[in-house]
>>> print(open('target.txt').read())   # compact mmCIF, C-alpha atoms and all ligand atoms
# COMPACT_ATOMS: atom_id res chain seq x y z
CA MET U 1 60.30 6.66 -15.79
CA SER U 2 60.43 8.13 -19.29
CA THR U 3 58.29 11.11 -20.24
CA PRO U 4 54.73 9.90 -20.86
CA SER U 5 53.57 10.18 -24.45
CA LEU U 6 50.31 11.67 -25.67
CA LEU U 7 48.87 11.54 -29.18
CA ILE U 8 46.43 14.38 -29.86
CA LEU U 9 43.88 13.81 -32.62
CA PRO U 10 41.85 17.06 -32.83
CA GLY U 11 39.59 15.84 -35.64
CA ASP U 12 36.80 17.97 -37.07
CA GLY U 13 34.46 20.86 -36.30
CA ILE U 14 34.89 22.08 -32.73
CA GLY U 15 37.34 19.22 -32.01
CA PRO U 16 40.43 21.35 -32.78
CA GLU U 17 38.95 24.28 -30.83
CA GLY U 18 38.48 22.21 -27.67
CA MET U 19 41.85 20.48 -28.04
CA GLY U 20 43.58 23.86 -28.46
CA GLU U 21 42.53 24.70 -24.91
CA VAL U 22 43.65 21.27 -23.66
CA THR U 23 47.09 21.94 -25.13
CA LYS U 24 47.35 25.02 -22.89
CA VAL U 25 46.49 22.84 -19.89
CA ILE U 26 49.06 20.18 -20.86
CA ASP U 27 51.72 22.91 -21.19
CA TRP U 28 50.71 24.28 -17.80
CA PHE U 29 51.24 20.92 -16.10
CA GLY U 30 54.64 20.64 -17.81
CA ALA U 31 55.76 24.11 -16.77
CA LYS U 32 54.17 24.48 -13.34
CA ARG U 33 53.85 20.94 -11.96
CA ASP U 34 56.96 19.43 -13.46
CA MET U 35 54.87 16.94 -15.41
CA PRO U 36 56.13 17.12 -18.99
CA PHE U 37 54.40 15.13 -21.70
CA ASP U 38 55.83 14.06 -25.02
CA VAL U 39 53.03 15.32 -27.27
CA SER U 40 52.48 14.49 -30.93
CA GLU U 41 49.55 15.39 -33.14
CA ASP U 42 47.88 13.69 -36.08
CA LEU U 43 44.71 13.59 -38.15
CA VAL U 44 41.48 11.67 -37.65
CA GLY U 45 38.00 11.74 -39.14
CA GLY U 46 37.15 14.13 -41.96
CA ALA U 47 40.50 15.89 -41.57
CA ALA U 48 42.30 12.58 -42.23
CA TYR U 49 39.96 11.81 -45.12
CA ASP U 50 40.77 15.18 -46.72
CA ALA U 51 44.51 14.50 -46.43
CA HIS U 52 44.70 10.74 -47.07
CA GLY U 53 41.32 9.54 -48.39
CA THR U 54 40.80 7.52 -45.20
CA PRO U 55 39.41 8.61 -41.80
CA LEU U 56 42.36 6.96 -40.05
CA HIS U 57 45.71 6.38 -41.70
CA ASP U 58 47.47 3.11 -40.77
CA ASP U 59 50.44 5.10 -39.46
CA THR U 60 48.13 7.02 -37.11
CA MET U 61 46.59 3.75 -35.94
CA ALA U 62 50.07 2.40 -35.23
CA LYS U 63 51.03 5.53 -33.28
CA ALA U 64 47.84 5.27 -31.21
CA GLN U 65 48.83 1.73 -30.23
CA GLU U 66 52.25 2.91 -29.03
CA VAL U 67 51.53 6.01 -26.96
CA ASP U 68 50.55 6.08 -23.31
CA ALA U 69 47.26 7.85 -24.09
CA VAL U 70 45.33 9.29 -27.02
CA LEU U 71 43.33 12.53 -26.68
CA LEU U 72 40.66 12.95 -29.33
CA GLY U 73 38.54 16.01 -30.13
CA ALA U 74 35.58 15.01 -32.30
CA VAL U 75 34.90 13.67 -35.77
CA GLY U 76 32.27 14.18 -38.44
CA GLY U 77 30.32 16.96 -40.08
CA PRO U 78 27.94 17.72 -42.94
CA LYS U 79 30.80 17.97 -45.45
CA TYR U 80 31.28 14.22 -45.07
CA ASP U 81 27.65 13.12 -44.84
CA ASN U 82 27.52 11.73 -48.37
CA LEU U 83 30.80 9.80 -48.28
CA ASP U 84 30.75 6.05 -48.66
CA PHE U 85 30.01 4.45 -45.28
CA SER U 86 33.44 2.78 -45.16
CA VAL U 87 35.30 6.10 -45.16
CA LYS U 88 32.98 8.22 -43.04
CA PRO U 89 34.80 10.16 -40.28
CA GLU U 90 33.05 8.14 -37.57
CA ARG U 91 34.68 4.95 -38.94
CA GLY U 92 38.07 6.36 -37.93
CA LEU U 93 36.99 6.68 -34.31
CA LEU U 94 35.32 3.26 -34.30
CA ARG U 95 38.51 1.69 -35.69
CA LEU U 96 40.57 3.26 -32.91
CA ARG U 97 38.19 1.92 -30.27
CA LYS U 98 38.08 -1.56 -31.82
CA GLU U 99 41.76 -2.07 -32.64
CA MET U 100 42.91 -0.65 -29.30
CA ASP U 101 40.27 -2.91 -27.70
CA LEU U 102 38.95 -0.07 -25.52
CA PHE U 103 36.08 -2.05 -24.07
CA ALA U 104 35.23 0.12 -21.05
CA ASN U 105 33.95 3.61 -21.77
CA LEU U 106 33.66 5.67 -18.60
CA ARG U 107 31.24 8.57 -18.94
CA PRO U 108 30.87 10.45 -15.68
CA ALA U 109 28.03 12.95 -15.32
CA GLN U 110 28.61 15.44 -12.57
CA CYS U 111 26.51 18.51 -11.92
CA PHE U 112 28.65 21.40 -10.76
CA ASP U 113 26.79 23.49 -8.23
CA ALA U 114 27.11 26.65 -10.31
CA LEU U 115 25.28 24.93 -13.16
CA ALA U 116 22.42 23.33 -11.23
CA ASP U 117 19.98 25.82 -12.78
CA PHE U 118 21.17 25.06 -16.32
CA SER U 119 19.78 21.58 -16.47
CA SER U 120 16.46 21.10 -18.20
CA LEU U 121 15.45 19.40 -14.94
CA LYS U 122 14.78 21.06 -11.59
CA ARG U 123 17.72 22.09 -9.38
CA ASP U 124 16.73 19.60 -6.66
CA VAL U 125 16.86 16.73 -9.11
CA VAL U 126 20.39 17.44 -10.33
CA ALA U 127 22.25 19.42 -7.63
CA GLY U 128 25.18 17.39 -6.32
CA LEU U 129 24.74 14.70 -8.96
CA ASP U 130 27.76 12.44 -9.49
CA ILE U 131 27.13 9.30 -11.51
CA MET U 132 29.31 7.14 -13.74
CA ILE U 133 28.01 5.45 -16.86
CA VAL U 134 30.14 2.49 -17.92
CA ARG U 135 29.39 1.79 -21.56
CA GLU U 136 30.67 -1.33 -23.33
CA LEU U 137 32.50 0.10 -26.36
CA THR U 138 33.90 -2.56 -28.68
CA SER U 139 31.04 -4.93 -29.33
CA GLY U 140 27.24 -5.13 -29.45
CA VAL U 141 25.22 -3.83 -32.35
CA TYR U 142 27.98 -1.40 -33.36
CA PHE U 143 30.21 -4.27 -34.49
CA GLY U 144 28.09 -7.45 -34.70
CA GLU U 145 27.94 -9.54 -37.90
CA PRO U 146 26.04 -9.94 -40.14
CA ARG U 147 25.65 -6.30 -41.03
CA GLY U 148 25.00 -4.38 -44.21
CA ILE U 149 22.34 -3.38 -46.71
CA PHE U 150 21.20 -6.34 -48.82
CA GLU U 151 18.70 -7.06 -51.58
CA GLU U 152 15.83 -9.22 -50.37
CA GLY U 153 13.17 -10.00 -52.94
CA ASN U 154 12.20 -6.71 -54.52
CA GLU U 155 13.40 -4.48 -51.71
CA ARG U 156 16.48 -3.76 -49.62
CA VAL U 157 17.02 -4.76 -46.03
CA GLY U 158 19.37 -3.04 -43.55
CA ILE U 159 20.91 -5.38 -40.99
CA ASN U 160 22.87 -4.88 -37.79
CA THR U 161 23.38 -7.56 -35.20
CA GLN U 162 23.40 -7.24 -31.44
CA ARG U 163 25.99 -9.75 -30.29
CA TYR U 164 27.76 -10.21 -26.96
CA THR U 165 29.99 -13.01 -25.75
CA GLU U 166 30.17 -13.90 -22.07
CA SER U 167 33.76 -12.72 -21.83
CA GLU U 168 32.91 -9.35 -23.39
CA ILE U 169 30.17 -8.82 -20.83
CA ALA U 170 32.27 -10.06 -17.92
CA ARG U 171 35.26 -7.78 -18.56
CA VAL U 172 33.24 -4.58 -18.78
CA ALA U 173 31.17 -5.66 -15.77
CA ARG U 174 34.40 -6.07 -13.81
CA SER U 175 35.41 -2.50 -14.73
CA ALA U 176 32.06 -1.24 -13.43
CA PHE U 177 32.34 -3.15 -10.14
CA GLU U 178 35.95 -2.02 -9.62
CA LEU U 179 34.84 1.59 -10.07
CA ALA U 180 31.87 1.09 -7.74
CA MET U 181 34.26 -0.18 -5.03
CA ARG U 182 36.00 3.22 -5.14
CA ARG U 183 32.67 5.11 -5.20
CA ASN U 184 29.34 4.45 -3.48
CA LYS U 185 29.34 0.68 -4.06
CA LYS U 186 26.24 0.50 -6.23
CA VAL U 187 25.94 -0.85 -9.79
CA CYS U 188 22.75 -0.69 -11.82
CA SER U 189 22.98 -2.82 -14.96
CA MET U 190 20.71 -1.88 -17.87
CA GLU U 191 19.65 -4.07 -20.81
CA LYS U 192 16.42 -5.32 -22.32
CA ALA U 193 16.34 -8.90 -21.04
CA ASN U 194 12.58 -8.80 -21.57
CA VAL U 195 12.97 -8.76 -25.36
CA MET U 196 16.58 -9.62 -26.25
CA GLU U 197 18.53 -12.84 -25.69
CA SER U 198 21.73 -10.80 -25.52
CA GLY U 199 20.06 -8.98 -22.63
CA ILE U 200 19.30 -12.26 -20.84
CA LEU U 201 22.94 -13.31 -21.15
CA TRP U 202 24.07 -9.82 -20.07
CA ARG U 203 22.01 -10.06 -16.87
CA GLU U 204 23.24 -13.58 -16.07
CA VAL U 205 26.91 -12.76 -16.57
CA VAL U 206 26.73 -9.50 -14.60
CA THR U 207 25.04 -11.35 -11.74
CA GLU U 208 27.85 -13.93 -11.79
CA VAL U 209 30.60 -11.26 -11.77
CA ALA U 210 28.85 -9.51 -8.88
CA LYS U 211 29.63 -12.52 -6.65
CA ASP U 212 33.26 -11.36 -6.58
CA TYR U 213 32.13 -7.99 -5.20
CA PRO U 214 29.87 -8.81 -2.24
CA GLU U 215 30.13 -5.24 -0.93
CA VAL U 216 28.58 -3.82 -4.10
CA GLU U 217 24.82 -3.63 -4.33
CA LEU U 218 23.73 -4.78 -7.80
CA SER U 219 20.38 -3.93 -9.37
CA HIS U 220 19.00 -4.51 -12.86
CA MET U 221 16.76 -2.30 -14.94
CA TYR U 222 15.31 -2.51 -18.41
CA ALA U 223 17.10 0.19 -20.36
CA ASP U 224 13.91 2.02 -21.35
CA ALA U 225 12.86 2.28 -17.70
CA GLY U 226 16.45 3.25 -16.93
CA VAL U 227 16.24 6.33 -19.16
CA MET U 228 13.01 7.29 -17.42
CA GLN U 229 14.60 6.83 -13.97
CA LEU U 230 17.66 8.82 -15.08
CA CYS U 231 15.37 11.77 -15.80
CA ARG U 232 13.09 11.21 -12.81
CA TRP U 233 15.65 10.88 -10.00
CA PRO U 234 19.21 10.47 -11.28
CA LYS U 235 20.73 10.60 -7.81
CA GLN U 236 19.48 7.06 -7.15
CA PHE U 237 22.38 5.86 -9.34
CA ASP U 238 26.07 5.46 -8.63
CA VAL U 239 27.50 3.36 -11.49
CA ILE U 240 25.33 2.46 -14.48
CA LEU U 241 26.63 -0.49 -16.50
CA THR U 242 25.25 -0.91 -20.00
CA ASP U 243 25.94 -1.97 -23.57
CA ASN U 244 27.32 0.01 -26.48
CA LEU U 245 24.12 1.43 -27.98
CA PHE U 246 22.15 1.94 -24.77
CA GLY U 247 25.25 3.60 -23.28
CA ASP U 248 25.45 6.00 -26.21
CA LEU U 249 21.85 7.09 -25.65
CA LEU U 250 22.01 7.15 -21.86
CA SER U 251 25.14 9.31 -21.82
CA ASP U 252 23.68 11.98 -24.10
CA ALA U 253 20.58 12.02 -21.86
CA ALA U 254 22.83 12.31 -18.80
CA ALA U 255 24.51 15.32 -20.39
CA MET U 256 21.38 17.35 -19.87
CA LEU U 257 21.54 16.66 -16.15
CA THR U 258 24.84 18.55 -16.04
CA GLY U 259 23.66 21.58 -17.98
CA SER U 260 25.24 20.99 -21.39
CA LEU U 261 26.68 18.33 -23.65
CA GLY U 262 29.73 20.58 -23.68
CA MET U 263 30.48 19.48 -20.10
CA LEU U 264 30.80 15.69 -20.44
CA PRO U 265 34.19 13.97 -20.64
CA SER U 266 34.94 10.32 -21.22
CA ALA U 267 37.69 7.74 -20.87
CA SER U 268 37.86 4.65 -23.07
CA LEU U 269 40.02 2.04 -21.43
CA GLY U 270 41.38 -1.34 -22.48
CA ALA U 271 43.64 -3.96 -20.97
CA PRO U 272 46.91 -2.95 -19.26
CA MET U 273 49.95 -2.47 -21.52
CA ALA U 274 53.44 -3.77 -20.68
CA ASN U 275 54.08 -0.63 -18.58
CA GLY U 276 50.98 -1.32 -16.47
CA ARG U 277 49.00 1.59 -17.91
CA PRO U 278 45.72 0.71 -19.59
CA LYS U 279 45.36 1.26 -23.31
CA ALA U 280 43.45 4.52 -23.29
CA LEU U 281 41.71 7.15 -25.37
CA TYR U 282 40.11 10.23 -23.83
CA GLU U 283 37.44 12.21 -25.63
CA PRO U 284 34.45 14.41 -24.91
CA VAL U 285 31.01 12.80 -25.20
CA HIS U 286 29.93 15.50 -27.64
CA GLY U 287 30.51 15.55 -31.39
CA SER U 288 31.93 18.08 -33.82
CA ALA U 289 28.99 20.52 -33.35
CA PRO U 290 28.90 21.77 -36.95
CA ASP U 291 26.29 24.39 -35.99
CA ILE U 292 28.83 26.35 -33.93
CA ALA U 293 32.18 25.20 -35.39
CA GLY U 294 34.69 27.91 -36.22
CA GLN U 295 32.89 30.59 -34.23
CA GLY U 296 34.80 30.42 -30.94
CA LYS U 297 31.62 29.35 -29.17
CA ALA U 298 32.50 25.78 -28.20
CA ASN U 299 32.68 24.90 -24.53
CA PRO U 300 36.17 23.43 -23.99
CA ILE U 301 35.28 21.93 -20.59
CA ALA U 302 34.35 18.43 -21.86
CA CYS U 303 37.77 18.19 -23.56
CA THR U 304 39.52 19.64 -20.51
CA LEU U 305 37.84 17.24 -18.09
CA SER U 306 38.74 14.38 -20.45
CA PHE U 307 42.39 15.32 -19.91
CA ALA U 308 41.71 15.27 -16.14
CA MET U 309 40.50 11.69 -16.62
CA ALA U 310 43.76 10.93 -18.44
CA LEU U 311 45.73 12.23 -15.45
CA ARG U 312 43.69 9.97 -13.16
CA TYR U 313 43.36 6.76 -15.16
CA SER U 314 46.53 6.70 -17.30
CA PHE U 315 49.08 8.58 -15.22
CA ASP U 316 48.04 7.80 -11.65
CA LYS U 317 47.83 11.53 -10.87
CA GLY U 318 44.47 11.62 -9.12
CA ASP U 319 45.46 14.69 -7.09
CA GLU U 320 46.40 16.63 -10.22
CA ALA U 321 43.16 15.50 -11.89
CA THR U 322 41.26 16.88 -8.91
CA ARG U 323 43.25 20.12 -9.16
CA LEU U 324 42.11 20.52 -12.77
CA GLU U 325 38.50 19.62 -11.95
CA LYS U 326 38.50 22.14 -9.10
CA ALA U 327 39.88 24.80 -11.45
CA VAL U 328 36.95 24.16 -13.81
CA GLU U 329 34.54 24.31 -10.89
CA GLN U 330 36.08 27.61 -9.74
CA VAL U 331 35.74 29.19 -13.17
CA LEU U 332 32.06 28.22 -13.29
CA ALA U 333 31.54 29.49 -9.74
CA ASP U 334 33.08 32.79 -10.89
CA GLY U 335 30.30 33.04 -13.47
CA LYS U 336 32.24 32.31 -16.65
CA ARG U 337 29.88 30.82 -19.23
CA THR U 338 30.31 29.74 -22.82
CA ALA U 339 27.26 30.29 -25.03
CA ASP U 340 25.85 26.78 -24.41
CA LEU U 341 25.49 27.74 -20.73
CA LEU U 342 23.56 30.96 -21.05
CA GLY U 343 20.20 31.71 -19.58
CA GLU U 344 21.11 33.95 -16.66
CA GLU U 345 20.10 37.52 -17.15
CA GLY U 346 22.85 39.96 -18.06
CA VAL U 347 25.55 37.31 -18.45
CA GLN U 348 27.71 37.74 -21.53
CA PRO U 349 29.21 34.58 -22.99
CA VAL U 350 32.96 34.06 -23.04
CA SER U 351 34.68 32.51 -26.04
CA THR U 352 36.31 29.08 -26.15
CA SER U 353 39.77 30.54 -25.62
CA GLU U 354 38.61 32.91 -22.88
CA MET U 355 37.20 29.91 -21.02
CA GLY U 356 40.50 28.07 -21.53
CA ASP U 357 42.47 31.08 -20.25
CA ALA U 358 40.20 31.32 -17.20
CA ILE U 359 40.90 27.66 -16.41
CA ILE U 360 44.65 28.34 -16.65
CA ALA U 361 44.27 31.34 -14.34
CA ALA U 362 42.38 29.17 -11.84
CA LEU U 363 45.14 26.54 -12.08
CA ASP U 364 47.71 29.28 -11.40
CA ALA U 365 45.74 30.34 -8.34
CA SER U 366 45.70 26.74 -7.08
CA HIS U 367 49.44 26.33 -7.45
P1 LIG U 401 27.01 17.15 -31.39
O1 LIG U 401 27.39 16.59 -30.07
O2 LIG U 401 28.12 17.52 -32.30
O3 LIG U 401 26.08 18.44 -31.16
C1 LIG U 401 24.80 18.39 -30.54
C2 LIG U 401 24.43 19.79 -30.03
O4 LIG U 401 25.22 20.10 -28.88
C3 LIG U 401 24.72 20.91 -31.03
O5 LIG U 401 23.73 21.89 -30.93
C4 LIG U 401 26.05 21.47 -30.57
O6 LIG U 401 26.26 22.83 -30.90
C5 LIG U 401 25.98 21.27 -29.06
N1 LIG U 401 27.32 21.06 -28.51
C6 LIG U 401 28.02 19.89 -28.56
N2 LIG U 401 29.22 20.06 -27.98
C7 LIG U 401 29.28 21.33 -27.58
C8 LIG U 401 30.30 22.11 -26.92
N3 LIG U 401 31.48 21.59 -26.56
N4 LIG U 401 30.04 23.41 -26.66
C9 LIG U 401 28.85 23.94 -27.00
N5 LIG U 401 27.85 23.27 -27.62
C10 LIG U 401 28.08 21.97 -27.91
O7 LIG U 401 26.05 16.06 -32.08
P2 LIG U 401 25.44 16.01 -33.57
O8 LIG U 401 25.11 17.39 -34.03
O9 LIG U 401 24.41 14.99 -33.51
O10 LIG U 401 26.63 15.43 -34.46
C11 LIG U 401 27.49 16.24 -35.26
C12 LIG U 401 28.59 15.36 -35.84
O11 LIG U 401 29.44 14.88 -34.78
C13 LIG U 401 28.08 14.09 -36.55
O12 LIG U 401 28.89 13.89 -37.67
C14 LIG U 401 28.29 12.99 -35.53
O13 LIG U 401 28.47 11.72 -36.09
C15 LIG U 401 29.54 13.46 -34.86
N6 LIG U 401 29.73 12.96 -33.50
C16 LIG U 401 31.02 12.67 -33.17
C17 LIG U 401 31.30 12.26 -31.87
C18 LIG U 401 32.71 11.98 -31.54
O14 LIG U 401 33.61 12.36 -32.27
N7 LIG U 401 32.99 11.33 -30.43
C19 LIG U 401 30.28 12.18 -30.93
C20 LIG U 401 28.97 12.51 -31.29
C21 LIG U 401 28.71 12.91 -32.60
C1 LIG U 402 29.88 8.93 -29.17
C2 LIG U 402 29.48 9.11 -30.62
C3 LIG U 402 29.98 7.94 -31.45
C4 LIG U 402 29.22 6.69 -31.01
C5 LIG U 402 29.94 8.07 -32.96
C6 LIG U 402 30.51 9.37 -33.44
C7 LIG U 402 30.68 6.93 -33.60
O1 LIG U 402 28.11 9.30 -30.74
O2 LIG U 402 31.08 8.76 -28.91
O3 LIG U 402 29.02 9.02 -28.30
O4 LIG U 402 28.10 6.43 -31.49
O5 LIG U 402 29.76 5.96 -30.18
MN MN U 403 27.10 9.53 -28.81
>>> encode(input="target.txt", output="structure tokens")
Amino acid sequence: MSTPSLLILPGDGIGPEGMGEVTKVIDWFGAKRDMPFDVSEDLVGGAAYDAHGTPLHDDTMAKAQEVDAVLLGAVGGPKYDNLDFSVKPERGLLRLRKEMDLFANLRPAQCFDALADFSSLKRDVVAGLDIMIVRELTSGVYFGEPRGIFEEGNERVGINTQRYTESEIARVARSAFELAMRRNKKVCSMEKANVMESGILWREVVTEVAKDYPEVELSHMYADAGVMQLCRWPKQFDVILTDNLFGDLLSDAAAMLTGSLGMLPSASLGAPMANGRPKALYEPVHGSAPDIAGQGKANPIACTLSFAMALRYSFDKGDEATRLEKAVEQVLADGKRTADLLGEEGVQPVSTSEMGDAIIAALDASH
């Protein structure tokens, strides 16, 4: 098989800082595990706007469609806050998701033992936590029409539309059930069927898809109650299946169960390509963190674990993904903490690159 190709889009703020550490990990796998990657790099978000006047150049979009996987850092920042909506950095990321048709966004939230005291919740509530949020990523209120800001009488009205077709619900539901089959065989679907027709349809379609997975226990929750339950006793969940907007909120909430937003990776997957690999983009759940950008404070673990997801879901290298996850776990067990993970007395933070180097050293020790 030819060398797998990766397109790295570091983006803005701490994006390039996190992706710099991922590059070290990619090089390590090439040198030490005989797993070379054909890596190219390009611009996205504000960085692309600065260079081309658009947050995603058509050539970059075309490259993203061709490679085996895209790795993205983060987009956005205050410098771009006043740009026209159509060229905001976030539009670049949304275009990638939409045009690559990356409908299933996997956002695992795992609490590493060494970090169980870093959550804003009690140790008992989070220790050993391992849940998977499956967020629909290419439809719903993020993309529904009509949308816009319109004149209505003597005032303006802002409109976004929550819209889901049966097939859009069914395909992401199938992803959730397939994952559940390889985990603890439980899916909790979250919507607001009590107030939204799209929620009623969501519940009906998910229930229908569940018939193909008799071993999986399906439950339904209103999304507001779901957020409450996620904070109350998150270990009741295995796979959470939800729509685009609720999934965005739920995954940021889940971040605090793991200790920091700087810990959460994600995989955005679409349909299989001709080579059998799914269309795929891997990115941390966090954003460009303008408050700490350029200071060497960013936690590179979310980016690093996103690459581990790439090894697992794009390259069928589950064992190597586990190796990388274990290396991260080891570094945390050894007491290495970036500044977002402080709170223990007498612990000095390490920088982004020191954390990256520690992960490489742990990989070396595992080899
Ligand atoms: P954010 O995720 O960038 O930051 C929220 C808080 O978490 C900040 O205090 C930040 O310092 C901290 N944080 C986030 N990641 C961290 C890391 N790896 N290490 C240490 N601390 C970390 O969210 P925000 O401030 O609401 O958004 C900033 C910009 O990022 C906005 O323009 C937003 O649109 C964009 N954004 C982009 C993505 C993405 O590219 N996928 C995701 C979310 C937000
Ligand atoms: C995320 C982000 C994005 C979203 C933004 C930056 C478009 O918050 O990936 O969680 O809302 O999906
Ligand atoms: Mn988000």
>>> residues_around(input="target.txt", residues="range 311-323 of chain U", least_positions_apart="6", cutoff="8 Å", atoms="only C-alpha atoms", output="PDB file with C-alpha atoms, in the coordinates of the input")
ATOM      1  CA  ASP U  68      50.550   6.080 -23.310  1.00  0.00           C
ATOM      2  CA  ALA U  69      47.260   7.850 -24.090  1.00  0.00           C
ATOM      3  CA  ARG U 277      49.000   1.590 -17.910  1.00  0.00           C
ATOM      4  CA  PRO U 278      45.720   0.710 -19.590  1.00  0.00           C
ATOM      5  CA  ALA U 280      43.450   4.520 -23.290  1.00  0.00           C
ATOM      6  CA  LEU U 363      45.140  26.540 -12.080  1.00  0.00           C
ATOM      7  CA  SER U 366      45.700  26.740  -7.080  1.00  0.00           C
TER       8      SER U 366
END
>>> atom_distance(input="target.txt", atom1="CA of Val75 in chain U", atom2="CA of Phe29 in chain U")
26.6 Å
>>> closest_residue(input="target.txt", among="U:Tyr164, U:Trp202, U:Trp28, U:Tyr213", to="Arg182 in chain U", atoms="all atoms listed in the file")
U:Tyr213
>>> closest_atom_pairs(input="target.txt", of="chain U", to="ligand LIG 402 (chain U)", cutoff="8 Å", atoms="only C-alpha atoms and all ligand atoms", output="CSV")
residue,atom,partner,partner_atom,distance
U:Ala74,CA,U:LIG402,C6,7.7
U:Val75,CA,U:LIG402,C6,6.6
U:Gly76,CA,U:LIG402,C6,7.2
U:Glu90,CA,U:LIG402,C7,4.8
U:Arg91,CA,U:LIG402,C7,7.0
U:Leu93,CA,U:LIG402,C7,6.4
U:Leu94,CA,U:LIG402,C7,6.0
U:Leu137,CA,U:LIG402,O5,7.5
U:Asn244,CA,U:LIG402,O5,7.4
U:Leu245,CA,U:LIG402,O4,7.3
U:Asp248,CA,U:LIG402,O3,5.1
U:Leu249,CA,U:LIG402,O3,7.9
U:Ser251,CA,U:LIG402,O3,7.6
U:Asp252,CA,U:LIG402,O3,7.4
U:Glu283,CA,U:LIG402,O2,7.9
U:Pro284,CA,U:LIG402,O2,7.7
U:Val285,CA,U:LIG402,O3,5.3
U:His286,CA,U:LIG402,O3,6.6
U:Gly287,CA,U:LIG402,C6,6.5
>>> closest_residue(input="target.txt", among="U:Met132, U:Ala255, U:Leu72, U:Val39", to="ligand MN 403 (chain U)", atoms="all atoms listed in the file")
U:Ala255
>>> atom_distance(input="target.txt", atom1="atom P1 of ligand LIG 401 (chain U)", atom2="CA of Ser198 in chain U")
29.0 Å
>>> closest_residue(input="target.txt", among="U:Leu332, U:Ala267, U:Val347, U:Ile159", to="ligand LIG 401 (chain U)", atoms="all atoms listed in the file")
U:Ala267
>>> residues_near_ligand(input="target.txt", ligand="ligand LIG 401 (chain U)", cutoff="8 Å", atoms="all atoms listed in the file", output="ChimeraX atom specification")
/U:11,13-15,18,72-78,80-81,89-90,93,260-263,283-293,297-303,338-340
>>> atom_distance(input="target.txt", atom1="CA of Ser189 in chain U", atom2="CA of Val227 in chain U")
12.1 Å
>>> closest_residue(input="target.txt", among="U:Pro55, U:Gly259, U:Gly199, U:Pro234", to="Phe118 in chain U", atoms="only C-alpha atoms")
U:Gly259
>>> closest_residue(input="target.txt", among="U:Ile8, U:Ala193, U:Ala180, U:Met256", to="Ile133 in chain U", atoms="all atoms listed in the file")
U:Ala180
